[in-house]
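Asker: I am attaching a structure below and will ask some questions about it afterwards.
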There are 2 protein chains.
Amino acid sequence: MTQTQFKQSPTCEHCALSRNCTEKTESNGFTANNPVLTHKIYHKGDNLYGAGDAFNALYIMRSGSAKACITSVDAQEQIVEFCFPGDLIGIDGFAQRQHAHTVTFLETSSVCYISLTSVNALLAQSEMGRQQLLGNMSNSLIHQQQQTMSFHCMTSTQRLAAFLLDLSTRLTHRGLSSHQLTLSMTRIDIANYLGMAIETISRLLTNMQQQGLIHVQRRQVTLLDINQLRSLCNNLADADNALIFAQNNGAFQLSSLGAQPLLQ
Amino acid sequence: MTQTQFKQSPTCEHCALSRNCTEKTESNGFTANNPVLTHKIYHKGDNLYGAGDAFNALYIMRSGSAKACITSVDAQEQIVEFCFPGDLIGIDGFAQRQHAHTVTFLETSSVCYISLTSVNALLAQSEMGRQQLLGNMSNSLIHQQQQTMSFHCMTSTQRLAAFLLDLSTRLTHRGLSSHQLTLSMTRIDIANYLGMAIETISRLLTNMQQQGLIHVQRRQVTLLDINQLRSLCNNLADADNALIFAQNNGAFQLSSLGAQPLLQ
DNA sequence: CGCTGACTTGAACAAAATCAAGGCTCGTGG
DNA sequence: CCACGAGCCTTGATTTTGTTCAAGTCAGCG
């Protein structure tokens with residue numbers, strides 16, 4: 001897997017992750033006729049797209065973060081994914097040719113743009129391009145299924161620990177500290193995503209802090225004992241198994257968060 | 001959406017759903033050099049493939065039923081999907097070039113076979129083929145996310161009702177009665193899939209029977225009042241809303257079960 | 001006939017939700 | 001600069017839901 005997927009001239013040289021983008025313009029608000037300006041800035045609360053919007057592009061997160069939600073008939077919102085730099089966004093649109101999700105930015109962010117035309121051209125031309133897109137979608141599906149499993153098999157403490165660890169892993173891959181997290185989402189978002197009450201999130205964070213696993217100060221979370229957090233997630237029944245499972249260190253780590261990044 | 005996806009000569013004319021298959025043979029046990037025998041019979045308990053197996057084909061369920069499972073490090077099994085005739089199986093393999101699921105048949109069943117070579121050829125050649133495969137995968141993802149939402153927002157009664165309704169819908173599309181269900185899976189499978197204890201399943205089925213919503217006799221389930229079952233799923237907070245939501249009849253029905261069939 | 005696996009039912013228990021109240025921060029306007 | 005308000009977050013008490021434990025029942029089968 002190289003970084004050349006979706007590569008066509010001209011490339012988007014401004015991408016933070018050396019992601020190569022195509023397309024000069026589109027009705028989506030991207031500046032026209034400028035081969036370099038294939039990314040666009042959004043602010044906190046802005047939507048990249050909403051459920052029902054026409055599906056005419058895929059996006060790659062360039063910087064910042066976002067949440068992807070689905071909505072039920074009674075307007076209840078469910079966050080299904082948090083997006084970070086490098087993540088591919090928009091594959092929810094292939095099903096109905098319109099988007100099923102609403103993607104909302106959690107902070108000032110920028111995304112790169114790949115028109116469907118480009119995607120189609122790539123798929124027609126490149127075996128590797130096909131593999132990458134299909135692999136990415138398959139990955140997203142499996143991840144979501146593991147998420148389902150975690151709801152059935154894990155306690156709320158374990159789910160929250162897995163969430164923090166996964167956040168750490170994903171941000172580390174993007175060059176940030178693996179211990180020091182700055183949550184861009186509210187407790188409400190976390191609770192929604194993990195399927196718990198916001199009070200439970202609050203209590204569990206306090207508990208974990210009292211046990212010396214983490215340190216919490218508002219949106220700043222420091223992971224103090226990553227190994228213990230990991231063993232907490234792995235052993236499902238017996239606390240005494242902690243030592244046994246400790247050697248599994250990292251072998252089974254639920255990918256609790258959104259889409260796979262395009263590279264890797 | 002026509003039924004001609006994956007069509008290449010020679011076609012598999014024996015397919016129950018007029019599904020067109022390609023490929024004469026493969027190492028997978030399909031009979032060699034016979035263009036018609038592109039399907040194979042399996043029996044209850046057989047695996048179509050296991051987690052970690054090489055990914056070299058997609059499959060279409062021809063008759064019978066199956067369950068797809070993922071497994072955690074501690075060998076805990078989680079059913080992520082039930083498969084029925086017409087369903088596309090195997091897209092979990094695109095992520096790692098090997099299967100993430102284990103697919104096990106619940107009864108005597110037959111599946112059609114599409115080699116990866118054929119899939120690739122199709123994707124390279126046909127815009128429509130691409131749209132169908134990507135659409136199918138996108139659908140599976142969205143369905144799985146709705147499943148996630150149902151865990152967070154619905155009570156266990158609602159989840160079970162949604163499960164029965166979806167079973168009914170899927171089997172109706174395959175030409176069977178929409179009221180009379182024959183469950184091919186055990187209570188244990190249902191409990192695993194819905195993330196509940198098997199005792200809870202048993203109790204809820206009894207309750208629903210006492211309320212006149214269904215009739216249960218071992219694996220035979222009759223849906224006696226589909227409308228009330230639907231409103232049960234739709235109204236999340238207040239039982240009095242039943243009348244209001246009744247007019248939504250079918251508007252929001254969680255697709256609680258596996259992959260979309262290939263045709264519509 | 002007696003075993004086995006699938007299913008049911010009841011009673012006690014635990015985990016997390018809900019209800020209720022208050023505290024902390026930050027932004028806004030006087 | 002300070003007061004005020006809104007949203008976000010925390011904490012405690014109570015309640016609900018569904019699990020777990022325990023004890024059967026039922027049907028099919030060697």
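In the structure tokens, the first chain shown is A, the next is B, and so on; residue numbers restart at 1 for each chain, and ligands run from 1 in the order shown.
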Excluding DG24 of chain D and any residue of its chain fewer than 2 positions from it, enumerate the residues within 10 Å of it, using only C-alpha atoms (C1' of nucleotides), and give them as a list in words.
Answerer: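 Surrounding residues, per the criterion: DT8 and DT9 of chain C; DA22 of chain D.
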Asker: Would you save the residues of that selection, restricted to N, CA and C atoms (P, O5', C5', C4', C3', O3' and C1' of nucleotides), as a compact mmCIF listing (two decimals), in the first residue's frame?
Answerer:
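Result written to result.txt:
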# COMPACT_ATOMS: atom_id res chain seq x y z
P DT C 8 -38.83 -21.47 24.54
O5' DT C 8 -39.10 -21.77 26.08
C5' DT C 8 -40.03 -22.78 26.44
C4' DT C 8 -40.17 -22.83 27.95
C3' DT C 8 -40.61 -21.52 28.61
O3' DT C 8 -41.81 -21.80 29.30
C1' DT C 8 -38.80 -22.51 29.78
P DT C 9 -42.77 -20.63 29.78
O5' DT C 9 -42.39 -20.47 31.31
C5' DT C 9 -42.35 -21.63 32.14
C4' DT C 9 -41.69 -21.31 33.46
C3' DT C 9 -41.97 -19.90 34.02
O3' DT C 9 -42.66 -20.07 35.23
C1' DT C 9 -39.68 -20.49 34.24
P DA D 22 -26.27 -21.43 41.64
O5' DA D 22 -27.73 -22.05 41.50
C5' DA D 22 -28.82 -21.40 42.13
C4' DA D 22 -30.11 -22.11 41.78
C3' DA D 22 -29.97 -23.62 41.59
O3' DA D 22 -30.98 -24.28 42.34
C1' DA D 22 -31.09 -22.67 39.76
Asker: Where does chain A meet chain C within 12 Å, residue by residue, with the nearest atom pair and distance in Å to one decimal for each, counting only C-alpha atoms (C1' of nucleotides), listed by chain and rising number, as a tab-separated table?
Answerer:
residue	atom	partner	partner_atom	distance
A:Met154	CA	C:DA15	C1'	11.7
A:Thr155	CA	C:DA15	C1'	8.5
A:Ser156	CA	C:DA16	C1'	8.3
A:Thr157	CA	C:DA16	C1'	10.8
A:Gly195	CA	C:DA16	C1'	10.9
A:Met196	CA	C:DA16	C1'	8.0
A:Ala197	CA	C:DA17	C1'	6.8
A:Ile198	CA	C:DA17	C1'	9.9
A:Glu199	CA	C:DA17	C1'	9.0
A:Thr200	CA	C:DA16	C1'	7.4
A:Ile201	CA	C:DA16	C1'	10.7
A:Arg203	CA	C:DA16	C1'	11.1
A:Leu204	CA	C:DA16	C1'	11.2
A:Gln217	CA	C:DC24	C1'	11.7
A:Arg218	CA	C:DT25	C1'	10.0
Asker: If you run DSSP on this backbone, which residues of segment 37-262 of chain B come out as alpha helix (DSSP H), and could you give them as a PyMOL selection string?
Answerer: chain B and resi 116-125+127-153+156-172+187-194+198-210+226-234+242-246
Asker: Residues of chain D that approach chain B to 12 Å or less, counting only C-alpha atoms (C1' of nucleotides): could you list each one with the shortest pair of atoms and its distance in Å to one decimal, rows by chain and increasing residue number, as a tab-separated table?
Answerer:
residue	atom	partner	partner_atom	distance
D:DT16	C1'	B:Thr155	CA	11.5
D:DT17	C1'	B:Thr155	CA	8.6
D:DG18	C1'	B:Thr200	CA	7.3
D:DT19	C1'	B:Ala197	CA	6.9
D:DT20	C1'	B:Ala197	CA	9.3
D:DC21	C1'	B:Glu199	CA	11.5
D:DC26	C1'	B:Arg218	CA	10.1
D:DA27	C1'	B:Arg218	CA	9.9
Asker: Taking into account only C-alpha atoms, which residue in the set B:Asp87, B:Glu127, B:Asp189, B:Glu107 is nearest to chain A?
Answerer: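 Closest to chain A of all the choices is B:Glu127.
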Asker: Enumerate the residues of segment 51-243 of chain B with a DSSP assignment of strand (DSSP E or B), computed from the backbone, and present them as a PyMOL selection string.
Answerer: chain B and resi 54+57-63+66-71+77-83+87-89+98+102-105+109-115+180-182+214-217+220-223
Asker: Using only C-alpha atoms, select each residue of chain B with any atom at most 6 Å away from an atom of chain A, and give the selection as a list in words.
Answerer: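 Matching residues, ligands excluded from the count: Asp92, Phe94, Ala95, Ala124, Leu134, Gly135, Ser138, Asn139, Leu141, His152 and Gly195 of chain B.
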Asker: Give me, as a list in words, all polymer residues having an atom no more than 10 Å from Ala66 of chain B, counting only C-alpha atoms (C1' of nucleotides) and skipping those fewer than 6 positions away in the same chain.
Answerer: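 My reading of the contact set: Lys44, Gly45, Asp46, Asn47, Leu48, Glu81, Phe82, Cys83, Phe84, Pro85, Ile89, Val103, Thr104, Phe105, Leu106, Glu107, Thr108, Ser109, Ser184 and Met185 of chain B.
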Asker: Work out how far apart atom CA of Leu160 of chain A and atom CA of Ala75 of chain B are and give it in Å to one decimal.
Answerer: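 Between atom CA of Leu160 of chain A and atom CA of Ala75 of chain B the gap works out to 21.8 Å.
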